[in-house]
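For reference, work12.txt (compact mmCIF, C-alpha atoms and all ligand atoms):
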```
# COMPACT_ATOMS: atom_id res chain seq x y z
CA MET C 1 164.68 86.62 97.01
CA LYS C 2 167.26 87.31 99.69
CA VAL C 3 166.86 85.15 102.80
CA GLU C 4 168.35 85.93 106.23
CA GLY C 5 168.00 82.41 107.44
CA PHE C 6 165.87 79.34 107.95
CA GLU C 7 164.46 77.79 111.11
CA LEU C 8 163.93 74.03 111.32
CA ARG C 9 161.45 73.22 114.06
CA THR C 10 160.13 69.85 115.18
CA VAL C 11 156.72 69.95 116.82
CA ALA C 12 154.63 67.23 118.46
CA MET C 13 150.88 67.71 118.11
CA PRO C 14 148.80 65.36 120.29
CA LEU C 15 145.97 63.66 118.35
CA ARG C 16 142.48 63.73 119.87
CA SER C 17 142.28 59.97 119.38
CA PRO C 18 144.64 57.30 118.04
CA PHE C 19 144.72 57.06 114.22
CA GLU C 20 145.22 53.52 112.94
CA THR C 21 146.09 52.57 109.37
CA SER C 22 147.34 49.36 107.77
CA PHE C 23 150.89 50.56 108.57
CA GLY C 24 150.52 51.49 112.23
CA VAL C 25 148.88 53.48 115.02
CA GLN C 26 149.62 57.16 115.66
CA THR C 27 148.79 59.03 118.87
CA VAL C 28 150.85 62.13 118.24
CA ARG C 29 151.76 63.92 115.01
CA GLU C 30 155.43 64.78 115.04
CA LEU C 31 156.30 67.05 112.13
CA ILE C 32 158.98 69.41 110.89
CA LEU C 33 158.22 73.04 110.10
CA VAL C 34 160.41 75.40 108.10
CA ARG C 35 160.28 79.13 108.74
CA LEU C 36 162.36 81.52 106.69
CA ARG C 37 162.82 85.26 107.00
CA THR C 38 163.63 87.39 104.01
CA ALA C 39 166.01 90.32 104.12
CA ASP C 40 162.88 92.51 104.09
CA GLY C 41 161.63 90.83 107.27
CA VAL C 42 158.85 88.81 105.61
CA GLU C 43 158.29 85.29 106.96
CA GLY C 44 157.45 82.18 104.98
CA TRP C 45 156.23 78.89 106.45
CA GLY C 46 156.63 75.38 105.10
CA GLU C 47 155.37 72.12 106.55
CA CYS C 48 156.96 68.74 105.90
CA VAL C 49 154.50 65.85 105.69
CA ALA C 50 157.01 63.14 106.66
CA GLY C 51 156.24 61.14 109.79
CA ALA C 52 158.39 59.95 112.68
CA ALA C 53 158.90 56.53 111.05
CA PRO C 54 159.32 55.41 107.40
CA LEU C 55 156.01 53.51 107.29
CA TYR C 56 153.91 55.43 104.75
CA SER C 57 156.91 55.97 102.46
CA SER C 58 160.69 55.94 102.79
CA GLU C 59 160.93 59.46 104.19
CA PHE C 60 160.92 60.10 107.95
CA ASN C 61 161.65 63.05 110.18
CA ALA C 62 165.18 62.27 111.38
CA ALA C 63 166.32 61.77 107.78
CA THR C 64 164.36 64.78 106.60
CA GLU C 65 165.92 67.02 109.22
CA LEU C 66 169.38 65.89 108.21
CA VAL C 67 168.88 66.23 104.47
CA LEU C 68 167.32 69.66 104.93
CA ARG C 69 170.12 70.96 107.14
CA ASP C 70 173.14 69.37 105.46
CA PHE C 71 172.20 69.26 101.79
CA MET C 72 169.21 71.39 100.89
CA LEU C 73 169.51 74.56 102.95
CA PRO C 74 173.11 75.17 101.80
CA ALA C 75 171.94 75.04 98.16
CA LEU C 76 169.18 77.57 98.82
CA ALA C 77 171.49 79.76 100.92
CA LYS C 78 173.95 79.85 98.04
CA ALA C 79 171.25 80.95 95.61
CA SER C 80 170.04 83.53 98.10
CA ALA C 81 173.58 84.90 98.47
CA ARG C 82 173.84 85.39 94.70
CA GLY C 83 170.89 87.71 95.10
CA GLY C 84 169.20 89.64 92.30
CA ASP C 85 166.44 88.39 90.04
CA GLY C 86 168.64 86.40 87.68
CA ALA C 87 168.04 82.90 86.45
CA ASP C 88 170.02 81.40 89.34
CA ALA C 89 168.49 83.51 92.13
CA LEU C 90 166.26 82.02 94.82
CA SER C 91 162.55 81.92 93.96
CA ALA C 92 159.74 79.42 94.49
CA THR C 93 159.68 78.32 90.86
CA ARG C 94 163.44 77.63 91.05
CA VAL C 95 163.54 75.64 94.30
CA ALA C 96 162.98 72.30 92.54
CA ALA C 97 165.83 72.96 90.09
CA LEU C 98 168.16 74.15 92.87
CA LEU C 99 167.47 70.96 94.84
CA GLU C 100 167.48 68.66 91.82
CA PRO C 101 170.99 67.24 92.56
CA VAL C 102 169.58 65.72 95.76
CA LYS C 103 167.79 62.48 94.83
CA GLY C 104 164.36 61.83 96.26
CA HIS C 105 163.39 63.40 99.61
CA ARG C 106 160.39 65.02 97.99
CA MET C 107 158.71 65.77 101.30
CA ALA C 108 161.72 67.81 102.42
CA LYS C 109 161.83 69.60 99.06
CA ALA C 110 158.13 70.36 99.25
CA ALA C 111 158.50 71.97 102.68
CA LEU C 112 161.22 74.32 101.41
CA GLU C 113 159.35 75.25 98.25
CA MET C 114 156.25 75.95 100.34
CA ALA C 115 158.18 78.28 102.67
CA VAL C 116 159.73 80.20 99.77
CA LEU C 117 156.39 80.42 97.97
CA ASP C 118 154.66 81.64 101.13
CA ALA C 119 157.24 84.40 101.62
CA GLU C 120 156.99 85.44 97.95
CA LEU C 121 153.21 85.53 97.98
CA ARG C 122 153.07 87.42 101.30
CA THR C 123 155.45 89.95 99.76
CA ALA C 124 153.29 90.22 96.63
CA GLY C 125 150.01 90.34 98.61
CA LEU C 126 148.68 87.29 96.75
CA SER C 127 147.01 84.23 98.30
CA PHE C 128 148.01 80.62 97.61
CA GLY C 129 144.55 80.05 96.14
CA THR C 130 144.76 82.95 93.71
CA TYR C 131 148.32 82.02 92.72
CA LEU C 132 147.51 78.33 92.15
CA GLY C 133 144.29 79.03 90.24
CA ALA C 134 141.56 78.32 92.79
CA GLU C 135 138.07 78.66 91.35
CA ARG C 136 136.02 78.17 94.52
CA ASP C 137 135.95 79.91 97.87
CA ALA C 138 135.23 76.73 99.85
CA VAL C 139 135.93 73.05 99.24
CA PRO C 140 133.86 69.97 100.12
CA ALA C 141 135.39 68.03 103.00
CA GLY C 142 135.75 64.31 103.45
CA VAL C 143 137.13 62.51 106.46
CA SER C 144 139.51 59.58 106.79
CA VAL C 145 138.33 57.11 109.44
CA GLY C 146 141.02 54.94 111.01
CA ILE C 147 140.80 51.22 111.67
CA GLN C 148 138.63 50.74 114.77
CA PRO C 149 138.66 48.15 117.57
CA SER C 150 135.19 46.88 116.54
CA ILE C 151 132.40 47.35 113.98
CA ASP C 152 130.31 49.06 116.70
CA ALA C 153 133.12 51.55 117.37
CA LEU C 154 133.38 52.19 113.60
CA LEU C 155 129.64 52.83 113.26
CA ASP C 156 129.81 55.26 116.22
CA ALA C 157 132.75 57.09 114.66
CA VAL C 158 131.07 57.38 111.25
CA THR C 159 127.79 58.47 112.88
CA GLY C 160 129.69 61.34 114.52
CA TYR C 161 131.38 62.48 111.31
CA VAL C 162 128.16 62.31 109.30
CA ALA C 163 126.42 64.36 112.00
CA GLU C 164 129.20 66.97 111.79
CA GLY C 165 128.48 67.29 108.08
CA TYR C 166 131.37 65.52 106.38
CA LEU C 167 130.38 64.89 102.77
CA ARG C 168 132.43 61.77 102.14
CA ILE C 169 133.71 58.97 104.36
CA LYS C 170 136.98 57.12 103.74
CA LEU C 171 137.57 53.91 105.67
CA LYS C 172 141.09 52.70 106.27
CA ILE C 173 141.26 48.99 105.47
CA LYS C 174 143.74 46.12 105.85
CA PRO C 175 143.49 42.35 105.45
CA GLY C 176 140.97 41.21 108.05
CA TRP C 177 139.33 44.67 108.22
CA ASP C 178 137.82 45.26 104.79
CA VAL C 179 134.59 43.69 103.51
CA GLU C 180 132.79 43.55 106.87
CA PRO C 181 133.39 47.18 107.92
CA VAL C 182 132.37 48.36 104.44
CA ARG C 183 129.22 46.22 104.54
CA ALA C 184 128.33 47.52 108.02
CA VAL C 185 128.74 51.19 107.04
CA ARG C 186 126.76 50.73 103.80
CA GLU C 187 123.94 48.94 105.61
CA ARG C 188 123.73 51.59 108.35
CA PHE C 189 124.09 54.74 106.22
CA GLY C 190 122.60 53.67 102.89
CA ASP C 191 123.63 53.91 99.25
CA ALA C 192 123.69 57.71 99.08
CA LEU C 193 126.71 58.05 101.39
CA LEU C 194 129.88 58.84 99.43
CA LEU C 195 132.14 56.04 100.64
CA GLN C 196 135.66 54.94 99.72
CA VAL C 197 138.48 52.87 101.20
CA ASP C 198 142.25 53.25 101.57
CA ALA C 199 144.56 50.21 101.99
CA ASN C 200 147.94 51.99 102.11
CA THR C 201 149.58 49.18 100.07
CA ALA C 202 148.38 46.35 102.36
CA TYR C 203 147.34 43.89 99.60
CA THR C 204 148.90 41.96 96.71
CA LEU C 205 147.49 41.04 93.32
CA ALA C 206 146.65 37.61 94.80
CA ASP C 207 143.97 39.46 96.82
CA ALA C 208 142.09 40.48 93.65
CA PRO C 209 139.16 38.10 94.37
CA LEU C 210 138.87 39.49 97.91
CA LEU C 211 138.98 43.10 96.70
CA ALA C 212 136.33 42.26 94.06
CA ARG C 213 134.00 41.42 96.97
CA LEU C 214 133.90 45.18 97.62
CA ASP C 215 132.29 45.77 94.20
CA PRO C 216 128.65 45.35 95.32
CA PHE C 217 129.06 48.24 97.80
CA GLU C 218 129.48 50.83 95.04
CA LEU C 219 132.49 52.55 96.55
CA LEU C 220 133.80 55.73 94.91
CA LEU C 221 137.26 54.17 94.78
CA ILE C 222 139.84 51.86 96.34
CA GLU C 223 142.95 53.87 97.26
CA GLN C 224 146.41 52.32 96.87
CA PRO C 225 145.55 48.64 97.40
CA LEU C 226 148.97 47.40 96.19
CA GLY C 227 152.60 48.43 96.62
CA GLU C 228 154.06 51.79 95.74
CA GLU C 229 155.97 50.39 92.76
CA ASP C 230 153.22 48.01 91.58
CA LEU C 231 151.90 49.98 88.60
CA THR C 232 151.43 46.99 86.27
CA GLU C 233 149.80 45.04 89.11
CA HIS C 234 147.39 47.90 89.73
CA ALA C 235 146.55 47.90 86.00
CA GLU C 236 145.81 44.18 86.19
CA LEU C 237 143.76 44.65 89.36
CA ALA C 238 141.78 47.42 87.63
CA ARG C 239 140.75 44.86 85.01
CA ARG C 240 139.61 42.42 87.70
CA VAL C 241 137.56 44.71 89.96
CA ALA C 242 134.74 47.08 89.12
CA THR C 243 135.54 49.68 91.81
CA PRO C 244 137.76 52.47 90.39
CA ILE C 245 141.41 52.28 91.46
CA CYS C 246 142.91 55.46 92.94
CA LEU C 247 146.64 55.83 93.55
CA ASP C 248 148.27 57.68 96.43
CA GLU C 249 151.76 56.36 97.37
CA SER C 250 152.62 55.47 93.73
CA ILE C 251 152.11 59.00 92.42
CA VAL C 252 155.38 60.69 93.31
CA SER C 253 155.52 63.09 90.32
CA SER C 254 153.65 64.26 87.24
CA LYS C 255 155.64 61.70 85.24
CA ALA C 256 154.48 58.93 87.56
CA ALA C 257 150.91 60.18 87.13
CA ALA C 258 151.20 60.22 83.34
CA ASP C 259 152.72 56.70 83.36
CA ALA C 260 150.04 55.34 85.69
CA ILE C 261 147.30 56.77 83.49
CA ALA C 262 148.91 55.41 80.30
CA LEU C 263 149.18 51.95 81.88
CA GLY C 264 145.60 51.96 83.12
CA ALA C 265 146.87 51.60 86.70
CA CYS C 266 144.36 54.12 88.04
CA SER C 267 141.35 56.14 86.99
CA ILE C 268 141.52 58.56 89.95
CA VAL C 269 144.51 60.24 91.62
CA ASN C 270 145.00 61.40 95.21
CA ILE C 271 147.24 64.47 95.08
CA LYS C 272 149.39 65.15 98.14
CA PRO C 273 151.75 68.08 97.55
CA GLY C 274 154.26 66.81 100.11
CA ARG C 275 154.57 63.42 98.44
CA VAL C 276 155.30 64.93 95.00
CA GLY C 277 157.83 67.62 95.93
CA GLY C 278 155.54 70.60 96.38
CA TYR C 279 152.49 72.60 95.34
CA LEU C 280 153.90 73.45 91.91
CA GLU C 281 154.36 69.78 90.97
CA ALA C 282 150.97 69.06 92.55
CA ARG C 283 149.42 71.58 90.18
CA ARG C 284 151.18 69.91 87.23
CA ILE C 285 149.68 66.56 88.28
CA HIS C 286 146.28 68.24 88.43
CA ASP C 287 146.85 69.53 84.89
CA VAL C 288 148.02 66.15 83.52
CA CYS C 289 145.07 64.33 85.08
CA ARG C 290 142.58 66.93 83.91
CA ALA C 291 143.89 66.68 80.34
CA HIS C 292 143.26 62.91 80.51
CA GLY C 293 139.84 63.21 82.13
CA VAL C 294 141.16 61.63 85.33
CA ALA C 295 139.49 62.90 88.52
CA VAL C 296 141.73 64.11 91.33
CA TRP C 297 141.19 64.90 94.98
CA CYS C 298 143.41 66.37 97.66
CA GLY C 299 144.88 63.94 100.16
CA GLY C 300 146.07 64.79 103.63
CA MET C 301 148.90 63.88 105.98
CA LEU C 302 147.43 65.06 109.29
CA GLU C 303 148.63 68.57 108.51
CA SER C 304 148.71 71.43 110.97
CA GLY C 305 146.81 74.56 109.99
CA LEU C 306 149.75 75.63 107.81
CA GLY C 307 149.72 72.64 105.48
CA ARG C 308 145.93 72.50 105.69
CA ALA C 309 145.69 76.10 104.44
CA ALA C 310 147.71 75.31 101.33
CA ASN C 311 145.90 72.01 100.72
CA VAL C 312 142.51 73.70 100.87
CA ALA C 313 143.72 76.32 98.37
CA LEU C 314 144.94 73.60 95.99
CA ALA C 315 141.69 71.65 96.37
CA ALA C 316 139.83 74.67 95.00
CA LEU C 317 141.30 74.09 91.51
CA PRO C 318 138.76 72.90 88.92
CA GLY C 319 140.09 69.35 88.46
CA PHE C 320 139.48 68.50 92.13
CA VAL C 321 136.06 67.01 91.49
CA LEU C 322 135.91 64.69 94.51
CA PRO C 323 135.87 65.71 98.20
CA GLY C 324 139.36 65.57 99.71
CA ASP C 325 140.85 64.62 103.07
CA THR C 326 140.60 68.34 103.80
CA SER C 327 138.91 67.92 107.15
CA ALA C 328 138.45 70.57 109.82
CA SER C 329 141.38 70.96 112.25
CA ASP C 330 139.37 69.44 115.10
CA ARG C 331 139.13 66.12 113.26
CA TYR C 332 142.66 65.55 114.55
CA TYR C 333 143.64 68.32 116.95
CA ALA C 334 142.08 69.86 120.06
CA GLN C 335 144.66 72.63 119.62
CA ASP C 336 146.14 73.66 116.26
CA ILE C 337 149.13 75.96 115.75
CA THR C 338 146.98 78.35 113.68
CA ALA C 339 143.36 79.41 114.07
CA PRO C 340 141.47 76.18 113.40
CA PHE C 341 139.86 75.36 110.06
CA VAL C 342 136.18 74.69 110.65
CA LEU C 343 133.48 72.78 108.81
CA GLU C 344 130.58 74.84 107.45
CA GLU C 345 127.88 72.79 105.79
CA GLY C 346 130.44 70.18 104.89
CA HIS C 347 132.88 72.70 103.42
CA VAL C 348 136.14 74.31 104.50
CA ALA C 349 136.78 77.91 103.42
CA VAL C 350 139.78 78.72 101.22
CA PRO C 351 141.97 81.33 102.97
CA THR C 352 142.08 84.68 101.16
CA GLY C 353 144.91 86.53 102.92
CA PRO C 354 148.42 86.88 101.46
CA GLY C 355 150.47 83.67 101.22
CA LEU C 356 148.98 80.82 103.23
CA GLY C 357 146.50 83.30 104.68
CA VAL C 358 146.87 81.92 108.20
CA GLU C 359 149.07 83.01 111.10
CA VAL C 360 150.86 80.86 113.63
CA VAL C 361 149.69 81.20 117.24
CA PRO C 362 153.06 81.66 119.02
CA GLU C 363 152.00 80.19 122.41
CA ALA C 364 150.55 77.06 120.79
CA LEU C 365 153.64 76.63 118.65
CA GLU C 366 156.02 77.02 121.60
CA GLN C 367 154.00 74.61 123.70
CA MET C 368 154.28 71.88 121.06
CA THR C 369 157.90 72.50 120.03
CA LEU C 370 160.36 69.69 120.73
CA ARG C 371 163.37 71.54 119.31
CA SER C 372 164.25 74.28 116.87
CA GLU C 373 167.37 75.50 115.18
CA TRP C 374 168.07 78.74 113.33
CA ILE C 375 170.35 78.41 110.34
CA ALA C 376 171.59 81.79 109.14
CA CYS C 377 172.28 82.20 105.43
O1 LIG C 401 147.11 57.35 102.92
O2 LIG C 401 145.92 59.09 102.83
C1 LIG C 401 146.71 58.39 103.44
C2 LIG C 401 147.25 59.82 106.92
C3 LIG C 401 148.61 59.61 107.09
C4 LIG C 401 149.31 58.96 106.11
C5 LIG C 401 148.66 58.54 104.94
C6 LIG C 401 147.31 58.78 104.76
C7 LIG C 401 146.58 59.40 105.79
C8 LIG C 401 145.13 59.60 105.74
C9 LIG C 401 144.55 60.76 106.50
O3 LIG C 401 144.37 58.86 105.18
C10 LIG C 401 144.60 62.01 105.72
C11 LIG C 401 144.21 63.24 106.49
O4 LIG C 401 143.05 63.35 106.88
O5 LIG C 401 145.06 64.12 106.69
MG MG C 402 146.17 57.15 101.10
```
Rewritten as structure tokens:
Amino acid sequence: MKVEGFELRTVAMPLRSPFETSFGVQTVRELILVRLRTADGVEGWGECVAGAAPLYSSEFNAATELVLRDFMLPALAKASARGGDGADALSATRVAALLEPVKGHRMAKAALEMAVLDAELRTAGLSFGTYLGAERDAVPAGVSVGIQPSIDALLDAVTGYVAEGYLRIKLKIKPGWDVEPVRAVRERFGDALLLQVDANTAYTLADAPLLARLDPFELLLIEQPLGEEDLTEHAELARRVATPICLDESIVSSKAAADAIALGACSIVNIKPGRVGGYLEARRIHDVCRAHGVAVWCGGMLESGLGRAANVALAALPGFVLPGDTSASDRYYAQDITAPFVLEEGHVAVPTGPGLGVEVVPEALEQMTLRSEWIAC
């Protein structure tokens, strides 16, 4: 593929209500978008899932912007300039190899691979879903419920989401906001509600007895209770609690997934394409987990309609046997930068058009843009 240039754009999307996790409170989603234009005039969009601060993982927007501009785009521009269809030309399946000399920064890499893949698929007239191997035309949607100021506020929030039709509820937890909120939601909504929790690394192995107190509530899973690098500790915790352990932050690659499974550190995996370097690596994690009989589900990072489109396509693969954080756009945003994804009987439809299958609404994008820069190849 021959690329004319890349645009790096930082947008700020106001959240409908503050979103609180064990690592902080967010009121606005600041994210970096990549837009490329091919020599044939086809556009490709990528979305970077990094946040404004390095609180979920080490990546954050200012660093991402720099590594994209100074280290990654030159490598892709060079491959683009070589042109042709040869082994060193620019294509989606080669982005990871072209960027391999740059250590880490998987979220930045994922955004570039997504943009190249989108342009390729739009050119070929193929949707993300078809390309990735989607087997469903809609996916069941769960919702992630932030830490609330009170149990009453939590019950009100969950009541609203259940009424909207969400098929699974995930409660964010932290020390001091764990057993009681779970008990309250179970008591109010009953045993049939699909319920899980996400700690975003807020506990240590010393908290095993506390986390075991969640066992009677029959949760689907506990997501990332311990640190990102704590695989052996997660394996030990898994022996001490009955609730299945699911990993998010720890699973940065298909190798990490294979290692975690071999160690017994998790029995379920949250797949976030941005965290693992892109949709192609995400599909490999799906394949590894499926081969081991490990259930996966699609996580979220408060994506705009662009990232949401690709996530929903991925979540339609056969190994995604649990509802994902693939909520409707209005769970987070009054105004999205694409046509909003909507909930229909608890499901979100997989886009069918070429590439991501969604288009950016220029006025909405401009309104939310903080800055943008065009980098010609
Ligand atoms: O750990 O899954 C997480 C949001 C931001 C950062 C990390 C996480 C989350 C969520 C919400 O839980 C996911 C979503 O609905 O997009
Ligand atoms: Mg998580």
Practice problem: Check the smallest atom-to-atom distance from each of C:Arg69, C:Ala63, C:Lys78, C:Ile261 to Glu4 in chain C using only C-alpha atoms, then report the winner. | Solution: C:Lys78
For ligand LIG 401 (chain C), list the contacting residues at 7 Å or closer, counting all atoms listed in the file, as a short mmCIF file (atom, residue, chain, number, x, y, z; two decimals) with C-alpha atoms, in the frame of the given file.
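Produced file pocket-v4.cif, reproduced below:
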```cif
data_model
loop_
_atom_site.label_atom_id
_atom_site.label_comp_id
_atom_site.auth_asym_id
_atom_site.auth_seq_id
_atom_site.Cartn_x
_atom_site.Cartn_y
_atom_site.Cartn_z
CA TYR C 56 153.91 55.43 104.75
CA VAL C 143 137.13 62.51 106.46
CA SER C 144 139.51 59.58 106.79
CA ASP C 198 142.25 53.25 101.57
CA ASN C 200 147.94 51.99 102.11
CA ASP C 248 148.27 57.68 96.43
CA GLY C 299 144.88 63.94 100.16
CA GLY C 300 146.07 64.79 103.63
CA MET C 301 148.90 63.88 105.98
CA LEU C 302 147.43 65.06 109.29
CA GLU C 303 148.63 68.57 108.51
CA ASP C 325 140.85 64.62 103.07
CA THR C 326 140.60 68.34 103.80
CA SER C 327 138.91 67.92 107.15
#
```
Please define a box with edges along x, y and z of the file around all atoms of range 190-205 of chain C given in the file, extend it by 6 Å on each side, and return its centre and edge lengths in Å to one decimal, as AutoDock Vina command-line options.
```
--center_x 136.1 --center_y 49.9 --center_z 98.1 --size_x 39.0 --size_y 29.8 --size_z 21.6
```
Quiz item: Mind listing the residues within 12 Å of ligand MG 402 (chain C), only C-alpha atoms and all ligand atoms counted, as a ChimeraX atom specification?
Solution: /C:21-23,56-57,143-146,170-173,196-202,221-228,245-251,269-272,275,297-302,324-325
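Interatomic distance, CA of Leu280 in chain C against CA of Phe19 in chain C: 29.2 Å.
Of the listed residues (C:Ile147, C:Ala184, C:Val139, C:Leu8), C:Leu8 comes nearest to Leu112 in chain C; the distances count all atoms listed in the file.
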Would you kindly place N, CA and C atoms on range 220-235 of chain C and return the model as a compact mmCIF listing (two decimals), in the frame of the given file?
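Result file is result39.txt:
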```txt
# COMPACT_ATOMS: atom_id res chain seq x y z
N LEU C 220 133.27 54.75 95.87
CA LEU C 220 133.80 55.73 94.91
C LEU C 220 135.12 55.24 94.34
N LEU C 221 135.93 54.59 95.20
CA LEU C 221 137.26 54.17 94.78
C LEU C 221 137.91 53.29 95.86
N ILE C 222 138.92 52.53 95.41
CA ILE C 222 139.84 51.86 96.34
C ILE C 222 141.17 52.59 96.19
N GLU C 223 141.70 53.11 97.30
CA GLU C 223 142.95 53.87 97.26
C GLU C 223 144.14 52.96 97.59
N GLN C 224 145.11 53.00 96.72
CA GLN C 224 146.41 52.32 96.87
C GLN C 224 146.29 50.93 97.51
N PRO C 225 145.62 49.99 96.83
CA PRO C 225 145.55 48.64 97.40
C PRO C 225 146.89 47.92 97.40
N LEU C 226 147.72 48.15 96.35
CA LEU C 226 148.97 47.40 96.19
C LEU C 226 150.18 48.30 96.45
N GLY C 227 151.37 47.73 96.28
CA GLY C 227 152.60 48.43 96.62
C GLY C 227 152.86 49.69 95.81
N GLU C 228 153.72 50.51 96.37
CA GLU C 228 154.06 51.79 95.74
C GLU C 228 154.57 51.61 94.31
N GLU C 229 155.35 50.57 94.08
CA GLU C 229 155.97 50.39 92.76
C GLU C 229 155.16 49.48 91.84
N ASP C 230 154.01 49.02 92.31
CA ASP C 230 153.22 48.01 91.58
C ASP C 230 152.27 48.62 90.55
N LEU C 231 152.80 49.35 89.58
CA LEU C 231 151.90 49.98 88.60
C LEU C 231 151.25 48.94 87.69
N THR C 232 152.03 47.99 87.17
CA THR C 232 151.43 46.99 86.27
C THR C 232 150.42 46.13 87.03
N GLU C 233 150.74 45.83 88.29
CA GLU C 233 149.80 45.04 89.11
C GLU C 233 148.50 45.81 89.35
N HIS C 234 148.62 47.10 89.57
CA HIS C 234 147.39 47.90 89.73
C HIS C 234 146.57 47.88 88.43
N ALA C 235 147.27 47.94 87.28
CA ALA C 235 146.55 47.90 86.00
C ALA C 235 145.81 46.57 85.85
```
